[in-house]
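Novice: Would you mind keeping the following structure in view while I ask a few things?
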Amino acid sequence: MTNGEMEPMPETLAGPAAKAGFYAELTARNAGVVAEADQRALRSATVLVAGCGSIGGAAVEPLARLGLQKFVLADPGTYELNNLNRQSATAADLDRNKAALAGDRVRAINPYASVEVFTEGVTRHTVEKLTASCQVVIDGVDVTTPEGWQAKLLLHRHAVRRRLPLITGWDMAGTQYVRCYDYRHVREPFAGAIGPDDADRLDMWELLRRAVPLRHVPTDMLAEIRANHARTDYSFPQVAYTAMAFGVISSHMVVRLLAGRRVRHEVRLDVHQKARPLGERWRTRARWPVELGALLPELLRLVRESAAGRAPAAAPDRDAPRASWH
């Protein structure tokens with residue numbers, strides 16, 4: 001199903017009594033961990049997942065299993081072979097749209113779920129409908145292309161306008177940094193760190209520097225950036241356990257937000273450090289300022305260029321199909 005269409009309910013599962021019984025049994029083992037009031041909120045709420053590949057895709061299945069029944073899923077990208085190291089797809093799913101496949105996974109878990117799929121992704125033509133009915137937004141939009149950043153900023157602007165809490169994440173080597181922008185209280189996209197025209201005039205590294213505080217970038221990622229920041233063909237390394245960590249953290253944050261409770265606006269989980277013995281952990285921490293110092297000249301250059309401002313690039317066609325969101 002694409003562009004907002006919903007798949008009809010199988011006749012064998014039709015009827016309110018069957019639906020109520022199915023939901024009660026599906027969520028029975030949540031009892032004792034998920035409060036009754038939280039379960040009711042999950043049952044009736046709608047969540048938008050924009051970008052259904054790496055981190056966005058990792059959030060879909062935990063939410064469906066927790067009992068969320070109404071999903072809006074958006075992604076213009078299709079699965080590529082290099083996605084399979086971390087994303088919820090198989091070789092048989094190559095070239096399939098990511099949002100459509102995520103919708104299939106939701107319905108395979110809960111055939112009563114309501115799923116709207118938008119294969120165009122976030123555009124000026126879809127963003128109103130994407131955000132119209134949801135209570136929480138999960139932003140998994142790609143940050144490796146200018147088109148991805150423009151779509152991400154568009155999504156955040158509409159979340160601000162509709163006063164929606166938005167959860168996004170950044171996987172950096174073994175670290176998952178989850179950020180909640182509660183736009184019921186925060187009144188600027190990215191809390192003012194990224195302006196409305198910055199995606200057109202700043203490069204990817206400067207945008208990332210503004211979005212992710214340096215104190216949250218792990219030692220191994222600083223070393224990776226220092227070695228590769230000048231490469232025009234560079235692709236960020238991403239692994240399964242870091243992406244899955246976003247699904248773990250964000251799904252619980254969604255439950256709290258839907259139940260009307262507050263969440264921390266920053267959560268950082270360094271899987272590598274958690275697994276290292278104490279001595280190696282301290283040696284890695286000691287290397288952090290060394291790696292940062294080696295990277296600092298490049299960071300200062302970016303800051304100077306940002307302060308001076310760049311000539312705006314030609315505005316891309318924002319109505320054109322988006323590049324793949326990985």
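Going by the structure tokens order, chains are called A, B, ..., each with residues numbered from 1, while ligands are numbered from 1 in the order shown.
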Using only C-alpha atoms, determine which residues lie at most 8 Å from Arg187 of chain A, disregarding the query and same-chain residues fewer than 4 positions distant; provide the list as a compact mmCIF listing (two decimals) with all heavy atoms, in the first residue's frame.

Specialist:
```txt
# COMPACT_ATOMS: atom_id res chain seq x y z
N VAL A 160 7.06 21.57 15.06
CA VAL A 160 6.95 22.79 15.87
C VAL A 160 5.57 23.40 15.72
O VAL A 160 4.91 23.76 16.71
CB VAL A 160 8.04 23.81 15.47
CG1 VAL A 160 7.77 25.16 16.13
CG2 VAL A 160 9.42 23.31 15.86
N TYR A 183 8.41 19.60 21.06
CA TYR A 183 7.97 20.84 20.45
C TYR A 183 6.65 21.37 21.01
O TYR A 183 6.14 22.37 20.53
CB TYR A 183 7.89 20.67 18.93
CG TYR A 183 9.26 20.55 18.28
CD1 TYR A 183 9.56 19.49 17.42
CD2 TYR A 183 10.25 21.49 18.52
CE1 TYR A 183 10.81 19.38 16.82
CE2 TYR A 183 11.50 21.39 17.93
CZ TYR A 183 11.77 20.34 17.08
OH TYR A 183 13.02 20.24 16.49
N ALA A 191 15.86 23.16 18.46
CA ALA A 191 16.08 24.09 19.58
C ALA A 191 16.94 25.28 19.17
O ALA A 191 17.71 25.82 19.96
CB ALA A 191 16.70 23.37 20.78
```

Novice: Write out as a list in words each polymer residue whose atoms come within 9 Å of segment 37-41 of chain A, counting only C-alpha atoms; drop sequence neighbours fewer than 6 positions from it.

Specialist: Thr27, Asn30, Ala31, Leu66, Gly67, Leu68, Val255, Arg256, Leu258 and Ala259 of chain A

Novice: Excluding same-chain residues fewer than 3 positions from Asp171 of chain A, what lies within 7 Å of it counting only C-alpha atoms, as a PyMOL selection string?

Specialist: chain A and resi 175-177+238+242-243

Novice: Name the residues of segment 169-320 of chain A that fall into alpha helix (DSSP H) according to DSSP on the backbone, using the chain letters and numbers of this document, as a VMD selection string.

Specialist: chain A and resid 198 to 201 204 to 211 219 to 228 240 to 258 271 to 275 278 to 308

Novice: Could you list, as JSON, numbers by chain, every residue within 9 Å of Ala151 of chain A, counting only C-alpha atoms and ignoring same-chain residues fewer than 2 positions away?

Specialist: {"A": [121, 122, 123, 124, 141, 142, 146, 147, 148, 149, 153, 154, 155, 156, 318, 322]}

Novice: I need the residues from that last selection saved to file as an mmCIF file, in the first residue's frame (with C-alpha atoms), if you can.

Specialist:
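After the write, again-v7.cif holds the following:
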```cif
data_model
loop_
_atom_site.group_PDB
_atom_site.id
_atom_site.type_symbol
_atom_site.label_atom_id
_atom_site.label_comp_id
_atom_site.auth_asym_id
_atom_site.auth_seq_id
_atom_site.Cartn_x
_atom_site.Cartn_y
_atom_site.Cartn_z
ATOM 1 C CA GLY A 121 8.669 10.434 2.012
ATOM 2 C CA VAL A 122 8.570 13.888 3.584
ATOM 3 C CA THR A 123 7.846 16.550 0.959
ATOM 4 C CA ARG A 124 5.936 19.809 0.844
ATOM 5 C CA VAL A 141 15.376 10.813 8.030
ATOM 6 C CA ASP A 142 18.797 10.467 6.411
ATOM 7 C CA PRO A 146 21.311 17.745 1.250
ATOM 8 C CA GLU A 147 17.889 16.398 0.263
ATOM 9 C CA GLY A 148 17.698 14.413 3.470
ATOM 10 C CA TRP A 149 18.552 17.458 5.582
ATOM 11 C CA LEU A 153 14.108 20.408 8.579
ATOM 12 C CA LEU A 154 10.701 20.432 6.903
ATOM 13 C CA LEU A 155 9.541 17.698 9.272
ATOM 14 C CA HIS A 156 10.845 19.550 12.336
ATOM 15 C CA ARG A 318 12.053 19.898 -3.281
ATOM 16 C CA ARG A 322 13.987 12.036 -2.403
#
```

Novice: Which of these residues is nearest to Ala240 of chain A, using only C-alpha atoms: A:Arg161, A:Lys274, A:Lys19, A:Arg86?

Specialist: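 Checking each candidate against Ala240 of chain A, we get A:Arg86 as the closest.
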
Novice: Counting only C-alpha atoms, which residue out of A:Val106, A:Tyr112, A:Val47, A:Ala35 sits closest to Pro16 of chain A?

Specialist: A:Tyr112

Novice: One decimal, in Å: what's the spacing between atom CA of Glu36 of chain A and atom CA of Val263 of chain A?

Specialist: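 These two atoms are separated by 18.9 Å.
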
Novice: For the structure I just gave you, how does DSSP split segment 37-281 of chain A - specifically, which residues are strand (DSSP E or B)? Reply as an NGL selection string.

Specialist: :A and (46-50 or 70-74 or 78 or 97 or 114-118 or 136-139 or 165-172 or 175-182 or 266-270)

Novice: Write the selection just made, keeping N, CA and C atoms, as a short mmCIF file (atom, residue, chain, number, x, y, z; two decimals), in the first residue's frame?

Specialist:
```cif
data_model
loop_
_atom_site.label_atom_id
_atom_site.label_comp_id
_atom_site.auth_asym_id
_atom_site.auth_seq_id
_atom_site.Cartn_x
_atom_site.Cartn_y
_atom_site.Cartn_z
N THR A 46 -1.54 7.51 17.50
CA THR A 46 -0.92 7.40 16.18
C THR A 46 0.50 7.94 16.25
N VAL A 47 1.45 7.21 15.69
CA VAL A 47 2.85 7.65 15.67
C VAL A 47 3.31 7.69 14.22
N LEU A 48 3.97 8.79 13.88
CA LEU A 48 4.59 8.93 12.57
C LEU A 48 6.04 8.49 12.66
N VAL A 49 6.45 7.58 11.78
CA VAL A 49 7.86 7.21 11.63
C VAL A 49 8.29 7.68 10.25
N ALA A 50 9.10 8.73 10.23
CA ALA A 50 9.59 9.30 8.97
C ALA A 50 11.01 8.82 8.77
N LYS A 70 -1.69 2.32 15.45
CA LYS A 70 -1.88 3.24 14.34
C LYS A 70 -0.53 3.84 13.96
N PHE A 71 -0.10 3.53 12.76
CA PHE A 71 1.20 3.97 12.25
C PHE A 71 1.02 4.80 10.99
N VAL A 72 1.82 5.84 10.88
CA VAL A 72 2.02 6.55 9.61
C VAL A 72 3.50 6.38 9.28
N LEU A 73 3.80 5.78 8.13
CA LEU A 73 5.16 5.42 7.77
C LEU A 73 5.53 6.11 6.46
N ALA A 74 6.69 6.77 6.45
CA ALA A 74 7.10 7.52 5.26
C ALA A 74 8.56 7.26 4.95
N THR A 78 14.47 2.59 -1.18
CA THR A 78 14.33 1.14 -1.32
C THR A 78 15.56 0.46 -0.72
N ASN A 97 10.35 -0.83 -1.28
CA ASN A 97 10.27 0.42 -0.53
C ASN A 97 10.31 0.13 0.97
N SER A 114 -3.73 -0.21 11.97
CA SER A 114 -3.99 0.75 10.91
C SER A 114 -2.65 1.33 10.47
N VAL A 115 -2.33 1.14 9.19
CA VAL A 115 -1.03 1.56 8.68
C VAL A 115 -1.21 2.39 7.42
N GLU A 116 -0.72 3.63 7.46
CA GLU A 116 -0.68 4.47 6.28
C GLU A 116 0.77 4.57 5.82
N VAL A 117 0.98 4.35 4.54
CA VAL A 117 2.33 4.32 3.98
C VAL A 117 2.47 5.40 2.92
N PHE A 118 3.53 6.19 3.04
CA PHE A 118 3.81 7.25 2.08
C PHE A 118 5.17 6.99 1.45
N VAL A 136 3.04 11.68 18.25
CA VAL A 136 4.50 11.66 18.42
C VAL A 136 5.12 11.41 17.05
N VAL A 137 6.27 12.04 16.81
CA VAL A 137 7.02 11.84 15.57
C VAL A 137 8.34 11.16 15.89
N ILE A 138 8.68 10.14 15.12
CA ILE A 138 10.02 9.55 15.14
C ILE A 138 10.70 9.94 13.85
N ASP A 139 11.81 10.66 13.98
CA ASP A 139 12.55 11.18 12.84
C ASP A 139 13.76 10.29 12.57
N PRO A 165 5.84 16.30 20.11
CA PRO A 165 7.16 15.80 20.52
C PRO A 165 7.78 14.97 19.42
N LEU A 166 9.07 15.15 19.20
CA LEU A 166 9.78 14.46 18.12
C LEU A 166 11.02 13.81 18.69
N ILE A 167 11.24 12.55 18.34
CA ILE A 167 12.41 11.78 18.79
C ILE A 167 13.27 11.47 17.58
N THR A 168 14.55 11.77 17.68
CA THR A 168 15.48 11.42 16.61
C THR A 168 16.72 10.80 17.23
N GLY A 169 17.59 10.27 16.39
CA GLY A 169 18.78 9.59 16.91
C GLY A 169 19.95 9.69 15.96
N TRP A 170 21.13 9.43 16.51
CA TRP A 170 22.37 9.51 15.76
C TRP A 170 23.23 8.32 16.19
N ASP A 171 23.46 7.39 15.26
CA ASP A 171 24.33 6.27 15.62
C ASP A 171 25.75 6.57 15.15
N MET A 172 26.66 6.52 16.12
CA MET A 172 28.05 6.89 15.91
C MET A 172 28.92 5.76 16.44
N THR A 175 27.89 4.02 19.63
CA THR A 175 27.10 4.92 20.48
C THR A 175 25.81 5.31 19.80
N GLN A 176 24.72 5.20 20.52
CA GLN A 176 23.43 5.72 20.07
C GLN A 176 23.10 6.95 20.93
N TYR A 177 22.97 8.09 20.26
CA TYR A 177 22.59 9.34 20.92
C TYR A 177 21.16 9.66 20.51
N VAL A 178 20.24 9.59 21.46
CA VAL A 178 18.83 9.84 21.19
C VAL A 178 18.47 11.21 21.73
N ARG A 179 17.79 11.99 20.90
CA ARG A 179 17.40 13.34 21.29
C ARG A 179 15.89 13.49 21.14
N CYS A 180 15.23 13.97 22.18
CA CYS A 180 13.81 14.28 22.11
C CYS A 180 13.66 15.79 22.08
N TYR A 181 13.11 16.30 21.01
CA TYR A 181 12.72 17.71 20.92
C TYR A 181 11.22 17.76 21.21
N ASP A 182 10.88 18.19 22.39
CA ASP A 182 9.46 18.26 22.75
C ASP A 182 8.92 19.60 22.27
N GLU A 266 17.94 14.13 26.29
CA GLU A 266 19.10 13.46 25.71
C GLU A 266 19.31 12.12 26.41
N VAL A 267 19.52 11.07 25.62
CA VAL A 267 19.90 9.77 26.16
C VAL A 267 21.05 9.25 25.31
N ARG A 268 22.13 8.85 25.96
CA ARG A 268 23.32 8.36 25.24
C ARG A 268 23.68 6.97 25.75
N LEU A 269 23.80 6.04 24.82
CA LEU A 269 24.20 4.67 25.17
C LEU A 269 25.40 4.28 24.33
N ASP A 270 26.54 4.05 24.98
CA ASP A 270 27.75 3.61 24.29
C ASP A 270 27.91 2.11 24.52
#
```

Novice: As a list in words, please: the residues near His272 of chain A (cut-off 8 Å, only C-alpha atoms, same-chain neighbours under 3 positions excluded).

Specialist: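 Counting only C-alpha atoms, the residues come to Gly174, Thr175, Ala275 and Arg276 of chain A.
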
Novice: Considering only C-alpha atoms, return as a PyMOL selection string whatever protein or nucleic-acid residues lie within 8 Å of Leu222 of chain A, sequence-local ones (same chain, fewer than 2 positions apart) excluded.

Specialist: chain A and resi 217-220+224-226+288+291-292+295

Novice: Write out the residues from the selection above, keeping all heavy atoms, as a tab-separated table (two decimals), in the first residue's frame.

Specialist:
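Done, and the output landed in part_26.tsv:
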```tsv
chain	number	residue	atom	x	y	z
A	217	VAL	N	30.06	12.55	21.15
A	217	VAL	CA	30.71	11.78	20.08
A	217	VAL	C	31.79	10.90	20.69
A	217	VAL	O	32.69	11.38	21.36
A	217	VAL	CB	31.34	12.73	19.04
A	217	VAL	CG1	31.98	11.92	17.91
A	217	VAL	CG2	30.28	13.68	18.47
A	218	PRO	N	31.71	9.58	20.50
A	218	PRO	CA	32.66	8.69	21.17
A	218	PRO	C	34.05	8.76	20.55
A	218	PRO	O	34.24	9.24	19.43
A	218	PRO	CB	32.04	7.30	20.96
A	218	PRO	CG	31.28	7.45	19.67
A	218	PRO	CD	30.74	8.84	19.68
A	219	THR	N	35.03	8.26	21.29
A	219	THR	CA	36.42	8.31	20.86
A	219	THR	C	36.62	7.65	19.50
A	219	THR	O	37.28	8.20	18.61
A	219	THR	CB	37.31	7.60	21.90
A	219	THR	OG1	37.13	8.23	23.17
A	219	THR	CG2	38.78	7.66	21.51
A	220	ASP	N	36.03	6.47	19.31
A	220	ASP	CA	36.25	5.75	18.05
A	220	ASP	C	35.64	6.49	16.87
A	220	ASP	O	36.13	6.41	15.75
A	220	ASP	CB	35.77	4.30	18.12
A	220	ASP	CG	34.52	4.09	18.93
A	220	ASP	OD1	33.90	5.09	19.36
A	220	ASP	OD2	34.15	2.92	19.16
A	224	GLU	N	37.47	8.09	13.51
A	224	GLU	CA	36.94	7.78	12.18
A	224	GLU	C	36.72	9.06	11.37
A	224	GLU	O	37.07	9.13	10.19
A	224	GLU	CB	35.62	7.02	12.33
A	224	GLU	CG	34.90	6.70	11.04
A	224	GLU	CD	35.55	5.64	10.20
A	224	GLU	OE1	36.47	4.95	10.69
A	224	GLU	OE2	35.16	5.49	9.02
A	225	ILE	N	36.18	10.09	12.01
A	225	ILE	CA	35.94	11.36	11.32
A	225	ILE	C	37.27	12.01	10.92
A	225	ILE	O	37.42	12.51	9.80
A	225	ILE	CB	35.13	12.31	12.22
A	225	ILE	CG1	33.71	11.76	12.43
A	225	ILE	CG2	35.06	13.72	11.61
A	225	ILE	CD1	32.92	12.50	13.49
A	226	ARG	N	38.23	12.00	11.84
A	226	ARG	CA	39.53	12.61	11.55
A	226	ARG	C	40.20	11.95	10.34
A	226	ARG	O	40.82	12.63	9.52
A	226	ARG	CB	40.44	12.49	12.78
A	226	ARG	CG	41.80	13.15	12.60
A	226	ARG	CD	42.50	13.32	13.93
A	226	ARG	NE	42.79	12.04	14.56
A	226	ARG	CZ	43.90	11.33	14.33
A	226	ARG	NH1	44.79	11.76	13.45
A	226	ARG	NH2	44.11	10.19	14.96
A	288	TRP	N	40.09	10.28	24.25
A	288	TRP	CA	39.08	11.19	23.69
A	288	TRP	C	39.63	12.60	23.48
A	288	TRP	O	39.51	13.16	22.37
A	288	TRP	CB	37.84	11.21	24.59
A	288	TRP	CG	36.67	11.92	23.99
A	288	TRP	CD1	35.70	11.38	23.20
A	288	TRP	CD2	36.35	13.32	24.11
A	288	TRP	NE1	34.78	12.35	22.82
A	288	TRP	CE2	35.17	13.54	23.36
A	288	TRP	CE3	36.94	14.40	24.76
A	288	TRP	CZ2	34.56	14.80	23.26
A	288	TRP	CZ3	36.35	15.66	24.65
A	288	TRP	CH2	35.17	15.84	23.92
A	291	GLU	N	42.07	12.65	20.47
A	291	GLU	CA	41.41	12.60	19.17
A	291	GLU	C	40.72	13.93	18.86
A	291	GLU	O	40.76	14.41	17.73
A	291	GLU	CB	40.40	11.45	19.11
A	291	GLU	CG	41.01	10.07	19.17
A	291	GLU	CD	41.80	9.73	17.91
A	291	GLU	OE1	41.68	10.47	16.90
A	291	GLU	OE2	42.55	8.74	17.94
A	292	LEU	N	40.09	14.52	19.88
A	292	LEU	CA	39.43	15.81	19.67
A	292	LEU	C	40.44	16.88	19.30
A	292	LEU	O	40.21	17.69	18.39
A	292	LEU	CB	38.65	16.22	20.92
A	292	LEU	CG	37.92	17.56	20.82
A	292	LEU	CD1	36.87	17.53	19.72
A	292	LEU	CD2	37.28	17.93	22.16
A	295	LEU	N	41.44	16.67	15.77
A	295	LEU	CA	40.36	17.05	14.86
A	295	LEU	C	40.03	18.54	14.95
A	295	LEU	O	39.40	19.11	14.06
A	295	LEU	CB	39.10	16.23	15.18
A	295	LEU	CG	37.88	16.37	14.28
A	295	LEU	CD1	38.22	16.01	12.84
A	295	LEU	CD2	36.75	15.49	14.80
```
